[in-house]
$ cat final.cif   # mmCIF, C-alpha atoms
data_input
loop_
_atom_site.label_atom_id
_atom_site.label_comp_id
_atom_site.auth_asym_id
_atom_site.auth_seq_id
_atom_site.Cartn_x
_atom_site.Cartn_y
_atom_site.Cartn_z
CA MET A 219 104.61 62.03 105.57
CA LYS A 220 101.59 61.46 103.33
CA MET A 221 101.15 64.07 100.60
CA HIS A 222 98.24 63.91 98.18
CA TYR A 223 97.48 65.66 94.91
CA ASP A 224 94.50 65.92 92.55
CA ALA A 225 95.16 62.46 91.14
CA ASP A 226 94.77 60.97 94.63
CA CYS A 227 91.42 62.69 95.27
CA PRO A 228 87.90 61.87 94.05
CA PRO A 229 87.06 64.15 91.10
CA ARG A 230 84.01 65.61 92.86
CA LEU A 231 82.48 65.75 96.31
CA GLY A 232 78.98 65.69 94.84
CA GLU A 233 77.22 66.62 98.10
CA LYS A 234 75.47 69.72 99.36
CA VAL A 235 77.97 71.90 101.21
CA ALA A 236 77.29 74.62 103.78
CA VAL A 237 80.18 76.99 104.42
CA LEU A 238 79.59 78.85 107.68
CA GLY A 239 81.17 82.28 107.61
CA TYR A 240 82.24 84.53 104.74
CA GLY A 241 85.45 86.04 106.01
CA SER A 242 88.98 85.43 104.74
CA GLN A 243 88.67 81.65 104.45
CA GLY A 244 84.89 81.52 104.05
CA HIS A 245 84.75 83.52 100.85
CA ALA A 246 87.64 81.53 99.34
CA HIS A 247 86.21 78.10 100.16
CA SER A 248 82.73 79.06 98.95
CA LEU A 249 83.82 80.52 95.64
CA ASN A 250 86.40 77.83 94.89
CA LEU A 251 83.92 75.05 95.61
CA LYS A 252 81.30 76.77 93.47
CA ASP A 253 83.75 77.13 90.60
CA SER A 254 84.64 73.45 91.01
CA GLY A 255 81.00 72.57 90.37
CA GLU A 256 79.95 71.82 93.93
CA ASP A 257 76.53 72.70 95.38
CA VAL A 258 77.37 75.44 97.89
CA ARG A 259 75.41 77.61 100.26
CA VAL A 260 76.83 80.13 102.75
CA GLY A 261 75.52 80.19 106.31
CA LEU A 262 75.44 83.60 108.02
CA TYR A 263 73.56 85.20 110.86
CA PRO A 264 70.71 87.53 109.85
CA GLY A 265 72.00 91.07 109.47
CA SER A 266 75.54 90.02 108.61
CA ARG A 267 77.40 92.58 106.54
CA SER A 268 78.70 89.72 104.41
CA TRP A 269 75.22 88.60 103.33
CA ALA A 270 74.90 91.00 100.38
CA LYS A 271 78.55 90.48 99.46
CA ALA A 272 78.10 86.70 99.18
CA GLU A 273 74.90 87.06 97.19
CA LYS A 274 76.59 89.50 94.83
CA ALA A 275 79.25 86.84 94.22
CA GLY A 276 76.49 84.51 93.03
CA LEU A 277 76.27 82.36 96.14
CA HIS A 278 73.13 81.09 97.82
CA VAL A 279 72.98 82.54 101.36
CA ALA A 280 70.86 81.35 104.28
CA ALA A 281 70.72 81.61 108.04
CA VAL A 282 73.20 79.20 109.66
CA ALA A 283 70.57 76.74 110.90
CA ASP A 284 68.87 76.66 107.49
CA ALA A 285 72.18 76.18 105.68
CA VAL A 286 73.07 73.25 107.95
CA ARG A 287 69.64 71.66 107.42
CA GLU A 288 70.08 71.87 103.64
CA ALA A 289 73.58 70.40 103.64
CA ASP A 290 75.35 67.06 103.80
CA VAL A 291 78.74 68.63 104.53
CA VAL A 292 79.22 71.57 106.91
CA MET A 293 82.48 73.55 107.00
CA VAL A 294 82.83 75.81 110.06
CA LEU A 295 84.92 78.88 109.22
CA THR A 296 83.97 81.22 112.06
CA PRO A 297 86.30 82.40 114.89
CA ASP A 298 87.46 79.64 117.25
CA VAL A 299 86.00 80.88 120.51
CA GLY A 300 82.55 81.51 119.02
CA GLN A 301 82.21 78.03 117.58
CA GLN A 302 80.93 76.48 120.81
CA LYS A 303 77.89 78.77 120.92
CA LEU A 304 77.30 78.51 117.16
CA TYR A 305 77.46 74.73 117.36
CA ARG A 306 75.11 74.49 120.31
CA GLU A 307 72.51 76.87 118.89
CA ALA A 308 72.51 76.32 115.13
CA ILE A 309 74.60 73.32 114.09
CA GLU A 310 73.99 70.52 116.60
CA PRO A 311 70.15 70.62 116.42
CA ASN A 312 70.33 70.21 112.64
CA LEU A 313 72.93 67.46 112.28
CA ARG A 314 71.80 64.15 110.79
CA PRO A 315 73.57 60.78 110.85
CA GLY A 316 76.05 60.50 108.00
CA MET A 317 76.75 64.22 107.66
CA MET A 318 80.32 65.51 107.69
CA LEU A 319 81.29 68.33 110.06
CA MET A 320 84.49 70.09 108.96
CA PHE A 321 86.89 72.66 110.37
CA ALA A 322 89.89 74.59 109.06
CA HIS A 323 91.54 74.62 112.50
CA GLY A 324 91.36 71.98 115.21
CA PHE A 325 90.91 74.26 118.24
CA ALA A 326 87.25 73.52 119.05
CA ILE A 327 87.53 69.75 118.62
CA HIS A 328 90.95 69.32 120.21
CA TYR A 329 90.08 71.33 123.32
CA GLY A 330 86.57 69.86 123.53
CA THR A 331 84.47 73.01 123.22
CA VAL A 332 82.60 71.23 120.41
CA GLN A 333 81.72 67.55 120.88
CA PRO A 334 79.91 66.14 117.84
CA PRO A 335 77.73 63.03 118.00
CA LYS A 336 79.30 59.70 117.05
CA ASP A 337 77.20 59.27 113.89
CA VAL A 338 78.79 62.09 111.86
CA ASP A 339 82.20 62.36 110.19
CA VAL A 340 84.45 65.00 111.75
CA THR A 341 87.34 66.18 109.59
CA MET A 342 89.61 69.10 108.75
CA VAL A 343 90.97 70.86 105.69
CA ALA A 344 93.31 73.66 106.76
CA PRO A 345 94.86 75.72 103.93
CA LYS A 346 98.36 76.91 104.74
CA GLY A 347 97.75 80.45 103.62
CA PRO A 348 95.29 83.32 104.05
CA GLY A 349 91.94 83.22 102.26
CA HIS A 350 92.85 85.75 99.60
CA LEU A 351 95.75 83.49 98.58
CA VAL A 352 93.52 80.39 98.57
CA ARG A 353 91.24 82.25 96.16
CA SER A 354 93.82 83.97 93.95
CA THR A 355 95.97 80.87 93.43
CA TYR A 356 92.85 78.88 92.52
CA VAL A 357 91.78 81.49 89.95
CA GLU A 358 95.29 81.43 88.48
CA GLY A 359 95.02 77.67 88.01
CA ASN A 360 97.31 76.83 90.91
CA GLY A 361 96.46 76.19 94.54
CA THR A 362 97.45 76.59 98.18
CA PRO A 363 98.77 73.58 100.16
CA ALA A 364 96.50 72.31 102.90
CA LEU A 365 96.49 70.00 105.89
CA LEU A 366 93.95 67.18 106.13
CA ALA A 367 92.84 65.32 109.26
CA VAL A 368 90.13 62.81 110.13
CA HIS A 369 89.00 62.96 113.75
CA GLN A 370 85.95 60.74 113.45
CA ASP A 371 85.00 58.37 110.61
CA ALA A 372 81.36 57.45 111.12
CA THR A 373 80.58 56.65 107.49
CA GLY A 374 83.75 54.82 106.52
CA ARG A 375 84.19 57.45 103.78
CA ALA A 376 85.42 60.41 105.83
CA ARG A 377 88.90 60.52 104.29
CA GLU A 378 87.60 60.17 100.76
CA ARG A 379 85.02 62.94 101.28
CA THR A 380 87.62 65.22 102.83
CA LEU A 381 90.07 64.69 99.98
CA ALA A 382 87.27 65.60 97.55
CA TYR A 383 86.58 68.80 99.48
CA ALA A 384 90.28 69.67 99.54
CA ARG A 385 90.48 69.17 95.80
CA GLY A 386 87.41 71.37 95.37
CA ILE A 387 89.17 74.35 96.96
CA GLY A 388 92.29 73.79 94.86
CA ALA A 389 94.55 72.27 97.52
CA GLY A 390 95.20 69.12 95.47
CA ARG A 391 97.03 71.23 92.90
CA ALA A 392 99.63 72.21 95.49
CA GLY A 393 99.66 69.30 97.93
CA ILE A 394 97.56 67.95 100.80
CA LEU A 395 99.46 66.77 103.87
CA GLU A 396 97.81 64.38 106.33
CA THR A 397 98.00 65.21 110.03
CA THR A 398 95.81 65.00 113.15
CA PHE A 399 93.63 67.56 114.92
CA LYS A 400 96.06 67.51 117.86
CA GLU A 401 99.16 68.07 115.75
CA GLU A 402 97.60 70.80 113.60
CA THR A 403 96.19 72.69 116.58
CA GLU A 404 99.28 72.63 118.74
CA THR A 405 101.79 73.40 115.98
CA ASP A 406 99.59 76.14 114.52
CA LEU A 407 99.18 77.89 117.87
CA PHE A 408 102.87 77.53 118.65
CA GLY A 409 103.90 78.88 115.25
CA GLU A 410 101.63 81.92 115.66
CA GLN A 411 102.71 82.71 119.19
CA ALA A 412 106.42 81.90 119.23
CA VAL A 413 107.46 82.76 115.67
CA LEU A 414 105.05 84.05 113.03
CA CYS A 415 103.13 86.65 115.01
CA GLY A 416 104.33 86.92 118.59
CA GLY A 417 107.99 86.19 117.97
CA ILE A 418 108.52 88.30 114.86
CA SER A 419 106.44 91.27 115.98
CA ARG A 420 108.18 91.44 119.35
CA LEU A 421 111.60 91.05 117.71
CA ILE A 422 110.81 93.89 115.30
CA GLN A 423 109.45 96.19 118.02
CA THR A 424 112.41 95.52 120.30
CA GLY A 425 114.91 96.09 117.51
CA PHE A 426 113.17 99.35 116.59
CA GLU A 427 113.18 100.54 120.21
CA THR A 428 116.86 99.63 120.63
CA LEU A 429 117.89 101.75 117.62
CA VAL A 430 115.67 104.70 118.54
CA GLU A 431 116.85 104.68 122.16
CA ALA A 432 120.43 104.77 120.84
CA GLY A 433 119.64 108.00 118.98
CA TYR A 434 119.05 106.76 115.44
CA GLN A 435 116.26 108.20 113.29
CA PRO A 436 112.96 106.31 113.80
CA GLU A 437 112.42 106.26 110.04
CA LEU A 438 115.78 104.60 109.47
CA ALA A 439 115.07 102.13 112.26
CA TYR A 440 111.75 101.26 110.60
CA PHE A 441 113.42 100.51 107.28
CA GLU A 442 116.12 98.38 108.88
CA VAL A 443 114.00 96.17 111.14
CA LEU A 444 110.53 96.09 109.52
CA HIS A 445 110.51 97.21 105.89
CA GLU A 446 113.38 94.92 104.87
CA MET A 447 111.87 91.97 106.75
CA LYS A 448 109.75 91.13 103.70
CA LEU A 449 112.81 90.97 101.47
CA ILE A 450 114.49 88.49 103.79
CA VAL A 451 111.37 86.39 104.36
CA ASP A 452 110.73 86.22 100.61
CA LEU A 453 114.19 84.71 100.16
CA MET A 454 113.48 82.15 102.90
CA TYR A 455 110.10 81.38 101.33
CA ARG A 456 111.70 80.64 97.98
CA GLY A 457 114.69 78.60 99.12
CA GLY A 458 114.87 78.21 102.87
CA LEU A 459 117.41 79.70 105.26
CA ALA A 460 120.32 78.52 103.10
CA PHE A 461 119.08 80.45 100.06
CA MET A 462 118.58 83.58 102.16
CA ARG A 463 122.15 83.30 103.46
CA TYR A 464 123.43 82.69 99.93
CA SER A 465 121.59 85.79 98.69
CA VAL A 466 122.69 88.33 101.31
CA SER A 467 126.18 89.76 101.75
CA ASP A 468 128.93 87.80 103.48
CA THR A 469 128.87 90.42 106.21
CA ALA A 470 125.15 89.82 106.81
CA GLU A 471 125.67 86.05 106.73
CA TYR A 472 128.51 86.24 109.25
CA GLY A 473 126.40 88.49 111.51
CA ASP A 474 123.60 85.92 111.25
CA TYR A 475 125.85 83.16 112.56
CA VAL A 476 127.58 85.04 115.38
CA SER A 477 124.86 87.44 116.60
CA GLY A 478 121.65 85.53 115.96
CA PRO A 479 122.33 82.99 118.75
CA ARG A 480 123.08 85.87 121.15
CA VAL A 481 119.60 87.32 120.58
CA ILE A 482 117.69 84.06 120.28
CA ASP A 483 119.55 82.22 123.02
CA GLU A 484 118.88 79.27 125.31
CA HIS A 485 116.67 81.46 127.51
CA VAL A 486 114.43 82.14 124.52
CA ARG A 487 114.34 78.41 123.76
CA GLN A 488 113.20 77.69 127.31
CA ASN A 489 110.45 80.30 126.97
CA MET A 490 109.35 78.70 123.69
CA ARG A 491 109.12 75.34 125.45
CA ALA A 492 106.99 76.94 128.15
CA VAL A 493 104.68 78.44 125.52
CA LEU A 494 104.38 75.05 123.83
CA LYS A 495 103.61 73.31 127.14
CA GLU A 496 100.76 75.74 127.84
CA ILE A 497 99.34 75.01 124.40
CA GLN A 498 99.66 71.25 124.92
CA ASP A 499 98.09 71.15 128.39
CA GLY A 500 95.23 73.50 127.46
CA THR A 501 96.33 76.44 129.64
CA PHE A 502 96.41 78.85 126.69
CA ALA A 503 93.04 77.66 125.35
CA GLU A 504 91.44 78.02 128.78
CA LYS A 505 92.85 81.53 129.16
CA TRP A 506 91.68 82.62 125.68
CA ILE A 507 88.20 81.14 126.13
CA ASP A 508 87.89 82.83 129.53
CA GLU A 509 89.04 86.14 128.02
CA ASN A 510 86.17 85.96 125.57
CA ASN A 511 83.48 84.57 127.85
CA SER A 512 84.10 86.30 131.17
CA SER A 513 85.89 89.61 130.72
CA GLY A 514 84.36 90.80 127.46
CA ARG A 515 87.88 90.66 125.96
CA ALA A 516 88.93 93.65 128.07
CA HIS A 517 92.57 92.61 128.39
CA PHE A 518 92.79 91.61 124.72
CA LEU A 519 91.37 94.97 123.62
CA GLU A 520 93.74 96.79 125.97
CA LEU A 521 96.71 94.94 124.43
CA ARG A 522 95.45 95.69 120.93
CA LYS A 523 95.17 99.42 121.72
CA GLU A 524 98.55 99.56 123.43
CA ASN A 525 100.36 97.93 120.52
CA SER A 526 98.51 99.94 117.86
CA GLU A 527 99.84 103.11 119.52
CA HIS A 528 103.48 102.02 119.41
CA GLN A 529 105.79 104.54 117.73
CA ILE A 530 106.66 102.07 114.98
CA GLU A 531 103.03 102.15 113.78
CA LYS A 532 102.97 105.93 113.31
CA VAL A 533 106.38 106.01 111.66
CA GLY A 534 105.42 103.16 109.36
CA GLU A 535 102.12 104.76 108.39
CA ASP A 536 103.90 107.95 107.38
CA LEU A 537 106.59 106.16 105.39
CA ARG A 538 104.16 103.83 103.60
CA SER A 539 102.10 106.84 102.49
CA MET A 540 105.18 107.92 100.50
CA MET A 541 105.41 104.53 98.80
CA PRO A 542 102.11 104.04 96.92
CA TRP A 543 103.59 101.18 94.90
CA LEU A 544 103.40 99.10 98.09
CA GLU A 545 99.61 99.41 97.98
CA PRO A 546 99.58 100.24 101.71
CA ALA A 547 96.88 98.45 103.67
CA GLU A 548 94.57 100.18 106.13
CA LYS A 549 92.71 98.57 109.02
CA ASN A 550 88.95 98.42 108.47
#
$ encode --input "final.cif" --output "C-alpha cells"
Amino acid sequence: MKMHYDADCPPRLGEKVAVLGYGSQGHAHSLNLKDSGEDVRVGLYPGSRSWAKAEKAGLHVAAVADAVREADVVMVLTPDVGQQKLYREAIEPNLRPGMMLMFAHGFAIHYGTVQPPKDVDVTMVAPKGPGHLVRSTYVEGNGTPALLAVHQDATGRARERTLAYARGIGAGRAGILETTFKEETETDLFGEQAVLCGGISRLIQTGFETLVEAGYQPELAYFEVLHEMKLIVDLMYRGGLAFMRYSVSDTAEYGDYVSGPRVIDEHVRQNMRAVLKEIQDGTFAEKWIDENNSSGRAHFLELRKENSEHQIEKVGEDLRSMMPWLEPAEKN
C-alpha cells in the first residue's frame, strides 16, 4: 500500500484546469481547487441549470469544448455512460499533446468507451466520499481520502501532476492511496452493487417485508431495520466491526454471530462472486451501456419507479416528517 499526504505532493499544480460537470463532485473539485489557488474553469453544456450556480460561486464557466481548449488539465466529472459521447464531440477534438485527462472513476477508460491518444497523460483522483463531504471537510481544514491512479504517462510527470491535483482538492490532508484504473473500477462497482447500495437496500427492504408480513407495525419495522442502520454504521465507521460489537448489547452481539451467517450464507457469497465476475468480464458494463444507448433507460426507469413506490418509502416519509431534527431530505 502506498499512502501519500500533503508533504508528498507538489505544493501547487500551477496549470489551467477544466472541470467538466458541476454536480456533486464537480462543484467540490472546482471550488476546492479555486480556494487552493489554482486556475479553474467549469465546462458545461449551454443551457445547463448549473451554469448560473457556478458563476454565482465565482467560477469561470464556458462551454465544454471551450473549457478544454483553454486548459492543460481536464477532469471529467460527468456520468459514466455519457462520457463516450462527450469525449468524442467536445474533448477529443481539443486535446493537445502534453495535456492531462483525468477521471474520478475508471469506468470509461477501463471498459474502453474512451480511448485517449498516446500523447496525453491519463490519470484518476477518486475521492472516497460524496461531493458535499469533499467540500465541507476542505472548508473545515480537513479533507476526504482519495484514490490515485496513472493509466498513461505521456509526459513523464503524470504522477506528480496528479498528486498536485489531489492536494488541491484537499485529499492530501486525509490520505491518497495509489491504485489502478482496473482495481478502482471493479472494486467500486462491486462495493456499490453487492454491499453499499444493492446489498444493504435489499437487506433492509427484505427485513421490513418480513416483519410486516408477520403482523408487526410498519412504523416499528422501519425503525428497526432502516432508522437504526445509521447508528450501527456510524459505529463501524468509527472503529470497524469490532467497535460496533463492543458498543452494542451482548444479546445483539450474540445474535450477530449466530444469525448473521444464516442470512448472509454461502449462497449469498456465491452470488457475490457471480456479480464480481460480471463486473470483471465487462458483462455489467455492456448491459448498463446498452440500457442507456438502446432502450432509453426504460428498464432502469421502471426499476426506479417500482422501488420508489415500496411501502417502506411511504412509511419512512411519514415518520421523518415527525423528526425535523433529522433534516429530512427530499428528492429533487
$ resolve_selection --input "final.cif" --expression "the PyMOL selection byres ((chain A and resi 377) around 10)" --output "VMD selection string"
chain A and resid 227 339 to 342 366 to 371 373 to 376 378 to 383 396
$ axis_aligned_box --input "final.cif" --around "range 471-478 of chain A" --padding-each-side "8 Å" --output "AutoDock Vina command-line options"
--center_x 125.1 --center_y 85.8 --center_z 111.7 --size_x 22.9 --size_y 21.3 --size_z 25.9
$ closest_atom_pairs --input "final.cif" --of "range 307-366 of chain A" --to "range 275-291 of chain A" --cutoff "12 Å" --atoms "all atoms listed in the file" --output "CSV"
residue,atom,partner,partner_atom,distance
A:Glu307,CA,A:Ala283,CA,8.2
A:Ala308,CA,A:Ala283,CA,4.7
A:Ile309,CA,A:Ala283,CA,6.2
A:Glu310,CA,A:Ala283,CA,9.1
A:Pro311,CA,A:Ala283,CA,8.3
A:Asn312,CA,A:Arg287,CA,5.5
A:Leu313,CA,A:Arg287,CA,7.2
A:Arg314,CA,A:Asp290,CA,8.4
A:Pro315,CA,A:Asp290,CA,9.6
A:Gly316,CA,A:Asp290,CA,7.8
A:Met317,CA,A:Asp290,CA,5.0
A:Met318,CA,A:Val291,CA,4.7
A:Leu319,CA,A:Val291,CA,6.1
A:Met320,CA,A:Val291,CA,7.4
A:Phe321,CA,A:Val291,CA,10.8
A:Val338,CA,A:Val291,CA,9.8
A:Asp339,CA,A:Val291,CA,9.1
A:Val340,CA,A:Val291,CA,9.9
A:Thr341,CA,A:Val291,CA,10.3
A:Met342,CA,A:Val291,CA,11.7
$ atom_distance --input "final.cif" --atom1 "CA of His323 in chain A" --atom2 "CA of Asp406 in chain A"
8.4 Å
$ closest_residue --input "final.cif" --among "A:Leu351, A:Leu407, A:Leu262, A:Ala412" --to "Gly324 in chain A" --atoms "all atoms listed in the file"
A:Leu407
$ closest_residue --input "final.cif" --among "A:Ala392, A:Ala460, A:Val443, A:Leu295" --to "Phe426 in chain A" --atoms "only C-alpha atoms"
A:Val443
$ closest_residue --input "final.cif" --among "A:Ala389, A:Lys220, A:Val332, A:Pro297" --to "Leu251 in chain A" --atoms "only C-alpha atoms"
A:Ala389
$ atom_distance --input "final.cif" --atom1 "CA of Val258 in chain A" --atom2 "CA of His222 in chain A"
23.8 Å
$ atom_distance --input "final.cif" --atom1 "CA of Ile482 in chain A" --atom2 "CA of Leu438 in chain A"
23.3 Å
$ residues_around --input "final.cif" --residues "Phe408 in chain A" --least-positions-apart "2" --cutoff "10 Å" --atoms "only C-alpha atoms" --output "PyMOL selection string"
chain A and resi 402-406+410-416+490-491+493-498
$ residues_around --input "final.cif" --residues "His350 in chain A" --least-positions-apart "4" --cutoff "12 Å" --atoms "all atoms listed in the file" --output "PyMOL selection string"
chain A and resi 240-247+249-250+345-346+354-357+361-362
$ write_last_selection --input "final.cif" --atoms "C-alpha atoms" --output "compact mmCIF listing (two decimals), in the frame of the given file"
# COMPACT_ATOMS: atom_id res chain seq x y z
CA TYR A 240 82.24 84.53 104.74
CA GLY A 241 85.45 86.04 106.01
CA SER A 242 88.98 85.43 104.74
CA GLN A 243 88.67 81.65 104.45
CA GLY A 244 84.89 81.52 104.05
CA HIS A 245 84.75 83.52 100.85
CA ALA A 246 87.64 81.53 99.34
CA HIS A 247 86.21 78.10 100.16
CA LEU A 249 83.82 80.52 95.64
CA ASN A 250 86.40 77.83 94.89
CA PRO A 345 94.86 75.72 103.93
CA LYS A 346 98.36 76.91 104.74
CA SER A 354 93.82 83.97 93.95
CA THR A 355 95.97 80.87 93.43
CA TYR A 356 92.85 78.88 92.52
CA VAL A 357 91.78 81.49 89.95
CA GLY A 361 96.46 76.19 94.54
CA THR A 362 97.45 76.59 98.18
$ closest_residue --input "final.cif" --among "A:Val260, A:Ile394, A:Leu444, A:Gly265" --to "Leu421 in chain A" --atoms "only C-alpha atoms"
A:Leu444
$ closest_residue --input "final.cif" --among "A:Asn510, A:Ala326, A:Ile450, A:Leu544" --to "Ala470 in chain A" --atoms "only C-alpha atoms"
A:Ile450
$ resolve_selection --input "final.cif" --expression "the PyMOL selection byres ((chain A and resi 531) around 12)" --output "NGL selection string"
:A and (419 or 422-423 or 426 or 436-437 or 440 or 444-445 or 523-530 or 532-538 or 548-549)
$ write_last_selection --input "final.cif" --atoms "C-alpha atoms" --output "short mmCIF file (atom, residue, chain, number, x, y, z; two decimals), in the frame of the given file"
data_model
loop_
_atom_site.label_atom_id
_atom_site.label_comp_id
_atom_site.auth_asym_id
_atom_site.auth_seq_id
_atom_site.Cartn_x
_atom_site.Cartn_y
_atom_site.Cartn_z
CA SER A 419 106.44 91.27 115.98
CA ILE A 422 110.81 93.89 115.30
CA GLN A 423 109.45 96.19 118.02
CA PHE A 426 113.17 99.35 116.59
CA PRO A 436 112.96 106.31 113.80
CA GLU A 437 112.42 106.26 110.04
CA TYR A 440 111.75 101.26 110.60
CA LEU A 444 110.53 96.09 109.52
CA HIS A 445 110.51 97.21 105.89
CA LYS A 523 95.17 99.42 121.72
CA GLU A 524 98.55 99.56 123.43
CA ASN A 525 100.36 97.93 120.52
CA SER A 526 98.51 99.94 117.86
CA GLU A 527 99.84 103.11 119.52
CA HIS A 528 103.48 102.02 119.41
CA GLN A 529 105.79 104.54 117.73
CA ILE A 530 106.66 102.07 114.98
CA LYS A 532 102.97 105.93 113.31
CA VAL A 533 106.38 106.01 111.66
CA GLY A 534 105.42 103.16 109.36
CA GLU A 535 102.12 104.76 108.39
CA ASP A 536 103.90 107.95 107.38
CA LEU A 537 106.59 106.16 105.39
CA ARG A 538 104.16 103.83 103.60
CA GLU A 548 94.57 100.18 106.13
CA LYS A 549 92.71 98.57 109.02
#
$ closest_residue --input "final.cif" --among "A:Glu233, A:Tyr305, A:Ala503, A:Ser248" --to "Gly388 in chain A" --atoms "all atoms listed in the file"
A:Ser248
$ build_atoms --input "final.cif" --residues "range 261-282 of chain A" --atoms "N, CA and C atoms" --output "PDB file, in the coordinates of the input"
ATOM      1  N   GLY A 261      76.317  79.985 105.112  1.00  0.00           N
ATOM      2  CA  GLY A 261      75.520  80.190 106.310  1.00  0.00           C
ATOM      3  C   GLY A 261      76.004  81.396 107.088  1.00  0.00           C
ATOM      4  N   LEU A 262      75.108  82.375 107.283  1.00  0.00           N
ATOM      5  CA  LEU A 262      75.440  83.600 108.020  1.00  0.00           C
ATOM      6  C   LEU A 262      74.318  83.930 108.988  1.00  0.00           C
ATOM      7  N   TYR A 263      74.619  84.766 109.959  1.00  0.00           N
ATOM      8  CA  TYR A 263      73.560  85.200 110.860  1.00  0.00           C
ATOM      9  C   TYR A 263      72.799  86.348 110.200  1.00  0.00           C
ATOM     10  N   PRO A 264      71.503  86.445 110.440  1.00  0.00           N
ATOM     11  CA  PRO A 264      70.710  87.530 109.850  1.00  0.00           C
ATOM     12  C   PRO A 264      71.301  88.896 110.216  1.00  0.00           C
ATOM     13  N   GLY A 265      71.421  89.755 109.239  1.00  0.00           N
ATOM     14  CA  GLY A 265      72.000  91.070 109.470  1.00  0.00           C
ATOM     15  C   GLY A 265      73.486  91.141 109.226  1.00  0.00           C
ATOM     16  N   SER A 266      74.105  90.024 108.879  1.00  0.00           N
ATOM     17  CA  SER A 266      75.540  90.020 108.610  1.00  0.00           C
ATOM     18  C   SER A 266      75.874  90.942 107.448  1.00  0.00           C
ATOM     19  N   ARG A 267      76.963  91.693 107.607  1.00  0.00           N
ATOM     20  CA  ARG A 267      77.400  92.580 106.540  1.00  0.00           C
ATOM     21  C   ARG A 267      77.887  91.808 105.321  1.00  0.00           C
ATOM     22  N   SER A 268      78.193  90.538 105.516  1.00  0.00           N
ATOM     23  CA  SER A 268      78.700  89.720 104.410  1.00  0.00           C
ATOM     24  C   SER A 268      77.577  89.131 103.554  1.00  0.00           C
ATOM     25  N   TRP A 269      76.346  89.234 104.029  1.00  0.00           N
ATOM     26  CA  TRP A 269      75.220  88.600 103.330  1.00  0.00           C
ATOM     27  C   TRP A 269      75.115  89.104 101.879  1.00  0.00           C
ATOM     28  N   ALA A 270      75.034  90.418 101.718  1.00  0.00           N
ATOM     29  CA  ALA A 270      74.900  91.000 100.380  1.00  0.00           C
ATOM     30  C   ALA A 270      76.141  90.721  99.539  1.00  0.00           C
ATOM     31  N   LYS A 271      77.304  90.727 100.173  1.00  0.00           N
ATOM     32  CA  LYS A 271      78.550  90.480  99.460  1.00  0.00           C
ATOM     33  C   LYS A 271      78.574  89.063  98.867  1.00  0.00           C
ATOM     34  N   ALA A 272      78.126  88.088  99.653  1.00  0.00           N
ATOM     35  CA  ALA A 272      78.100  86.700  99.180  1.00  0.00           C
ATOM     36  C   ALA A 272      77.069  86.525  98.068  1.00  0.00           C
ATOM     37  N   GLU A 273      75.929  87.152  98.244  1.00  0.00           N
ATOM     38  CA  GLU A 273      74.900  87.060  97.190  1.00  0.00           C
ATOM     39  C   GLU A 273      75.382  87.703  95.899  1.00  0.00           C
ATOM     40  N   LYS A 274      76.079  88.813  96.017  1.00  0.00           N
ATOM     41  CA  LYS A 274      76.590  89.500  94.830  1.00  0.00           C
ATOM     42  C   LYS A 274      77.595  88.618  94.090  1.00  0.00           C
ATOM     43  N   ALA A 275      78.277  87.754  94.824  1.00  0.00           N
ATOM     44  CA  ALA A 275      79.250  86.840  94.220  1.00  0.00           C
ATOM     45  C   ALA A 275      78.572  85.629  93.595  1.00  0.00           C
ATOM     46  N   GLY A 276      77.234  85.598  93.653  1.00  0.00           N
ATOM     47  CA  GLY A 276      76.490  84.510  93.030  1.00  0.00           C
ATOM     48  C   GLY A 276      76.277  83.301  93.902  1.00  0.00           C
ATOM     49  N   LEU A 277      76.430  83.471  95.205  1.00  0.00           N
ATOM     50  CA  LEU A 277      76.270  82.360  96.140  1.00  0.00           C
ATOM     51  C   LEU A 277      74.892  82.379  96.793  1.00  0.00           C
ATOM     52  N   HIS A 278      74.380  81.206  97.073  1.00  0.00           N
ATOM     53  CA  HIS A 278      73.130  81.090  97.820  1.00  0.00           C
ATOM     54  C   HIS A 278      73.443  81.299  99.301  1.00  0.00           C
ATOM     55  N   VAL A 279      72.726  82.206  99.954  1.00  0.00           N
ATOM     56  CA  VAL A 279      72.980  82.540 101.360  1.00  0.00           C
ATOM     57  C   VAL A 279      71.745  82.223 102.190  1.00  0.00           C
ATOM     58  N   ALA A 280      71.966  81.668 103.372  1.00  0.00           N
ATOM     59  CA  ALA A 280      70.860  81.350 104.280  1.00  0.00           C
ATOM     60  C   ALA A 280      71.329  81.522 105.712  1.00  0.00           C
ATOM     61  N   ALA A 281      70.376  81.598 106.623  1.00  0.00           N
ATOM     62  CA  ALA A 281      70.720  81.610 108.040  1.00  0.00           C
ATOM     63  C   ALA A 281      71.462  80.311 108.362  1.00  0.00           C
ATOM     64  N   VAL A 282      72.336  80.352 109.367  1.00  0.00           N
ATOM     65  CA  VAL A 282      73.200  79.200 109.660  1.00  0.00           C
ATOM     66  C   VAL A 282      72.398  77.923 109.835  1.00  0.00           C
TER      67      VAL A 282
END
